[in-house]
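Below is one structure, written out as structure tokens; comments come after it.
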Amino acid sequence: MTPYVFMIFIWLIAFYYLLYQDNKISEMSMEKRRKLFVWISGFTLFVIMGFRHQLVGIDTPRYLSRYHSSAYFDWDMFLQWDMWMEKELGFTLVGKILYSLNVPDELYLMLYGLFITVCISRLIYRWCKNPFWGFYLHTTIGLFTMSMSGIRQSIACCICWLGIDYILQKKPVKYAILVLIASTFHQSAIFFIVFYFARYVTIKKVSGWLISAFSVACIALRPILVPLLSYFMPSKYEIYGLASDKHQVNPLLVLVALLIPMFCLFFWERRKIKDEKEEQFYSLCFAGSFLYAVIQVLSMSSNMIGRMNQYFYIFNVVLLGNIITDIEDRNTRYIASAFALMLPGYMFFKSQSLGISPYYFFWQTYGM
């Protein structure tokens with residue numbers, strides 16, 4: 001796990017000198033410092049993702065095999081529109097184009113890592129008041145672990161998240177187009193299209209606590225909700241598990257998923273919201289965070305449903321970091337920051353899931 005520790009250490013150093021020690025670089029505006037921090041953090045994230053060994057990540061060898069097999073698809077097949085959803089041809093088309101250009105496996109992973117890094121960095125710069133929290137939480141409780149293994153769904157998530165602006169700008173057509181493009185990489189993305197209607201939900205503290213109660217109640221409602229939602233799951237993903245108790249997740253992950261929106265509600269200082277657009281964005285983040293919690297609860301009975309929670313990680317990342325940044329009382333902010341650092345960090349370094357540890361760069365001999 002040394003490369004991950006080193007990456008986070010660089011972020012802490014950059015945060016201290018660029019965003020915390022105002023007096024030492026007072027000649028730079030805060031906006032320029034934020035941009036520089038995002039560039040530094042994004043670059044280190046890209047190095048870890050793009051320069052990794054082909055065996056880092058459980059599914060990476062399988063995706064590289066699929067990359068090679070894309071060369072055998074006929075170009076004519078990409079003109080058959082009924083095949084796009086059935087075969088998720090967006091991913092195959094990109095692979096065929098790159099393979100026809102003789103892009104080696106190492107460069108293929110670099111380009112994939114670059115796309116993910118650019119998307120994540122843009123989202124963090126766009127929505128996170130303190131970009132350190134964005135990168136740190138993305139790594140520990142966000143998409144990072146998944147993105148080092150599940151290439152197709154990670155790309156689909158990032159494309160969907162680029163549509164958050166279209167939700168706030170009331171542009172449903174452009175939003176739907178992005179989600180449809182994402183679904184050609186991973187069909188599960190199509191379910192994210194209904195999240196557009198979350199823009200009509202206004203969450204305040206009272207309504208937030210009521211939704212929190214419903215999220216907890218979903219533990220008891222699983223026998224009703226899981227079979228119902230399973231009817232809407234694509235049949236091709238049945239290999240990941242049907243609605244049964246054989247595919248339970250770690251209860252600690254479920255508990256954390258439930259606690260994050262409650263933690264944010266408790267520390268939410270609504271008076272710091274500046275305008276209606278910002279309030280709408282916070283409501284959108286809370287809606288996404290609650291959906292993530294509900295899906296995580298239901299995933300205790302269906303791993304197939306649990307795959308949907310990948311699309312809502314980003315709202316926990318943005319929401320938790322912004323809520324902590326908004327806390328005015330210094331001592332309270334320090335305590336909240338300590339919990340947000342230690343618990344996600346402990347979970348990340350303890351789990352070492354999806355085959356991302358031990359980590360090796362592509363020029364190293366794996367296992368040596």
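As shown in the structure tokens, the chain order sets the letters A, B, ...; within each chain, residues go from 1, and ligands are also counted from 1 in the order they appear.
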Determine, for each residue of segment 143-200 of chain A having at least one atom at most 12 Å from an atom of segment 64-76 of chain A, the closest pair of atoms and their separation in Å to one decimal, counting only C-alpha atoms; order by chain and ascending number, as a Markdown table.
| residue | atom | partner | partner_atom | distance |
| --- | --- | --- | --- | --- |
| A:Ser149 | CA | A:Leu64 | CA | 11.0 |
| A:Gly150 | CA | A:Leu64 | CA | 11.4 |
| A:Ile151 | CA | A:Leu64 | CA | 9.9 |
| A:Arg152 | CA | A:Arg66 | CA | 10.9 |
Can those selected residues be exported to a file as an mmCIF file, in the first residue's frame so that it contains C-alpha atoms?
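Printed below is out_14.cif as written:
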data_model
loop_
_atom_site.group_PDB
_atom_site.id
_atom_site.type_symbol
_atom_site.label_atom_id
_atom_site.label_comp_id
_atom_site.auth_asym_id
_atom_site.auth_seq_id
_atom_site.Cartn_x
_atom_site.Cartn_y
_atom_site.Cartn_z
ATOM 1 C CA SER A 149 -10.452 -2.881 -11.486
ATOM 2 C CA GLY A 150 -13.826 -2.309 -13.170
ATOM 3 C CA ILE A 151 -12.933 -0.263 -16.244
ATOM 4 C CA ARG A 152 -16.271 -0.213 -18.065
#
Residues of segment 82-141 of chain A within 12 Å of segment 349-356 of chain A: nearest atom pair and distance (Å, one decimal) for each, counting only C-alpha atoms, sorted by chain and number, as CSV?
residue,atom,partner,partner_atom,distance
A:Thr139,CA,A:Phe349,CA,10.4
A:Thr140,CA,A:Phe349,CA,8.2
A:Ile141,CA,A:Phe349,CA,10.9
Name the closest residue to Thr145 of chain A among the candidates A:Leu320, A:Ile167, A:Ile203, A:Val56; distances are taken between atoms, counting only C-alpha atoms.
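Among the listed residues, A:Val56 lies closest to Thr145 of chain A.
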Near Ala156 of chain A, within 7 Å and counting only C-alpha atoms, which residues show up once chain neighbours fewer than 5 positions away are dropped, as an MDAnalysis selection string?
chainID A and resid 182:183 185:186 189
Run DSSP on the backbone and grab whatever in segment 38-122 of chain A lands in alpha helix (DSSP H); send it over as a VMD selection string.
chain A and resid 38 to 50 60 to 69 83 to 87 89 to 100 105 to 122
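When atom CA of Arg52 of chain A is paired with atom CA of Phe362 of chain A, their separation reads 5.1 Å.
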Contacts of segment 140-217 of chain A with segment 106-127 of chain A up to 10 Å, shortest pair per row, only C-alpha atoms, as JSON lines:
{"residue": "A:Leu143", "atom": "CA", "partner": "A:Ile120", "partner_atom": "CA", "distance": 9.3}
{"residue": "A:Phe144", "atom": "CA", "partner": "A:Ile116", "partner_atom": "CA", "distance": 9.4}
{"residue": "A:Ser147", "atom": "CA", "partner": "A:Ile116", "partner_atom": "CA", "distance": 7.9}
{"residue": "A:Met148", "atom": "CA", "partner": "A:Gly113", "partner_atom": "CA", "distance": 8.5}
{"residue": "A:Ile151", "atom": "CA", "partner": "A:Tyr112", "partner_atom": "CA", "distance": 7.8}
{"residue": "A:Arg152", "atom": "CA", "partner": "A:Tyr112", "partner_atom": "CA", "distance": 9.8}
{"residue": "A:Ser154", "atom": "CA", "partner": "A:Ile116", "partner_atom": "CA", "distance": 7.6}
{"residue": "A:Ile155", "atom": "CA", "partner": "A:Ile116", "partner_atom": "CA", "distance": 6.8}
{"residue": "A:Cys157", "atom": "CA", "partner": "A:Ile116", "partner_atom": "CA", "distance": 9.4}
{"residue": "A:Cys158", "atom": "CA", "partner": "A:Cys119", "partner_atom": "CA", "distance": 6.1}
{"residue": "A:Ile159", "atom": "CA", "partner": "A:Cys119", "partner_atom": "CA", "distance": 8.0}
{"residue": "A:Trp161", "atom": "CA", "partner": "A:Leu123", "partner_atom": "CA", "distance": 7.9}
{"residue": "A:Leu162", "atom": "CA", "partner": "A:Cys119", "partner_atom": "CA", "distance": 7.5}
{"residue": "A:Ile164", "atom": "CA", "partner": "A:Leu123", "partner_atom": "CA", "distance": 9.3}
{"residue": "A:Asp165", "atom": "CA", "partner": "A:Arg126", "partner_atom": "CA", "distance": 9.7}
Limited to N, CA and C atoms, could you put the picked residues into a file as a PDB file, in the first residue's frame?
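And here is the file that came out, again_27.pdb:
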ATOM      1  N   LEU A 143     -14.850   6.192  -5.788  1.00  0.00           N
ATOM      2  CA  LEU A 143     -14.773   5.262  -6.909  1.00  0.00           C
ATOM      3  C   LEU A 143     -13.382   4.666  -7.101  1.00  0.00           C
ATOM      4  N   PHE A 144     -12.377   5.160  -6.391  1.00  0.00           N
ATOM      5  CA  PHE A 144     -10.988   4.829  -6.705  1.00  0.00           C
ATOM      6  C   PHE A 144     -10.739   3.326  -6.768  1.00  0.00           C
ATOM      7  N   SER A 147     -12.386   1.818  -9.718  1.00  0.00           N
ATOM      8  CA  SER A 147     -11.834   2.269 -10.991  1.00  0.00           C
ATOM      9  C   SER A 147     -10.506   1.604 -11.318  1.00  0.00           C
ATOM     10  N   MET A 148      -9.842   1.017 -10.327  1.00  0.00           N
ATOM     11  CA  MET A 148      -8.594   0.304 -10.573  1.00  0.00           C
ATOM     12  C   MET A 148      -8.852  -1.126 -11.047  1.00  0.00           C
ATOM     13  N   ILE A 151     -13.163  -1.346 -15.289  1.00  0.00           N
ATOM     14  CA  ILE A 151     -12.933  -0.263 -16.244  1.00  0.00           C
ATOM     15  C   ILE A 151     -14.237   0.250 -16.845  1.00  0.00           C
ATOM     16  N   ARG A 152     -15.070  -0.658 -17.341  1.00  0.00           N
ATOM     17  CA  ARG A 152     -16.271  -0.213 -18.065  1.00  0.00           C
ATOM     18  C   ARG A 152     -17.201   0.597 -17.176  1.00  0.00           C
ATOM     19  N   SER A 154     -16.567   2.144 -14.416  1.00  0.00           N
ATOM     20  CA  SER A 154     -15.938   3.387 -13.963  1.00  0.00           C
ATOM     21  C   SER A 154     -16.059   4.474 -15.018  1.00  0.00           C
ATOM     22  N   ILE A 155     -15.851   4.105 -16.279  1.00  0.00           N
ATOM     23  CA  ILE A 155     -16.031   5.062 -17.370  1.00  0.00           C
ATOM     24  C   ILE A 155     -17.483   5.528 -17.421  1.00  0.00           C
ATOM     25  N   CYS A 157     -19.659   5.653 -14.995  1.00  0.00           N
ATOM     26  CA  CYS A 157     -19.922   6.544 -13.856  1.00  0.00           C
ATOM     27  C   CYS A 157     -19.444   7.956 -14.156  1.00  0.00           C
ATOM     28  N   CYS A 158     -18.227   8.081 -14.660  1.00  0.00           N
ATOM     29  CA  CYS A 158     -17.659   9.407 -14.920  1.00  0.00           C
ATOM     30  C   CYS A 158     -18.461  10.154 -15.978  1.00  0.00           C
ATOM     31  N   ILE A 159     -18.892   9.467 -17.018  1.00  0.00           N
ATOM     32  CA  ILE A 159     -19.706  10.115 -18.052  1.00  0.00           C
ATOM     33  C   ILE A 159     -21.020  10.603 -17.454  1.00  0.00           C
ATOM     34  N   TRP A 161     -21.598  11.436 -14.342  1.00  0.00           N
ATOM     35  CA  TRP A 161     -21.358  12.546 -13.419  1.00  0.00           C
ATOM     36  C   TRP A 161     -21.122  13.865 -14.140  1.00  0.00           C
ATOM     37  N   LEU A 162     -20.636  13.782 -15.375  1.00  0.00           N
ATOM     38  CA  LEU A 162     -20.484  15.010 -16.152  1.00  0.00           C
ATOM     39  C   LEU A 162     -21.837  15.649 -16.438  1.00  0.00           C
ATOM     40  N   ILE A 164     -24.158  16.166 -14.183  1.00  0.00           N
ATOM     41  CA  ILE A 164     -24.708  16.857 -13.006  1.00  0.00           C
ATOM     42  C   ILE A 164     -25.008  18.315 -13.332  1.00  0.00           C
ATOM     43  N   ASP A 165     -24.142  18.929 -14.121  1.00  0.00           N
ATOM     44  CA  ASP A 165     -24.382  20.315 -14.533  1.00  0.00           C
ATOM     45  C   ASP A 165     -25.694  20.445 -15.283  1.00  0.00           C
TER      46      ASP A 165
END
Under the rule that only C-alpha atoms are counted, which of A:Met77, A:Val201, A:Ile48, A:Met342 is the nearest residue to Leu168 of chain A?
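Looking only at the distances to Leu168 of chain A, the closest residue turns out to be A:Val201.
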Residues within 9 Å of Met262 of chain A, only C-alpha atoms, excluding chain neighbours under 3 positions, as a list in words
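Here the qualifying residues turn out to be Gly208, Trp209, Ser212, Leu258, Leu259, Leu265, Phe266 and Phe267 of chain A.
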Residue contacts of Trp11 of chain A (9 Å, only C-alpha atoms) excluding same-chain residues fewer than 4 positions away, as a ChimeraX atom specification
/A:6-7,15-16,37,40-41,44,132,135-136
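Compared by their closest atoms to Phe339 of chain A, and using only C-alpha atoms, the residues A:Val318, A:Ile260, A:Leu298, A:Met83 rank with A:Ile260 nearest.
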Can you measure atom CA of Thr202 of chain A to atom CA of Leu178 of chain A for me? One decimal in Å is fine.
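About the pair atom CA of Thr202 of chain A and atom CA of Leu178 of chain A: they are 24.3 Å apart.
Distances here use only C-alpha atoms; by that measure, the residue among A:Asp326, A:Thr2, A:Ile8, A:Ser283 closest to Leu137 of chain A is A:Ile8.
Minimum atom-to-atom distances from A:Pro131, A:Tyr282, A:Thr184, A:Met146 to Phe78 of chain A were compared using only C-alpha atoms, and the lowest value belongs to A:Thr184.
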Looking at A:Val294, A:Val5, A:Met308, A:Leu253, which one is nearest to Ala217 of chain A, with distances taken over only C-alpha atoms?
A:Val294
By how many Å are atom CA of Ser100 of chain A and atom CA of Ser188 of chain A apart?
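Going from atom CA of Ser100 of chain A over to atom CA of Ser188 of chain A, I get 27.8 Å.
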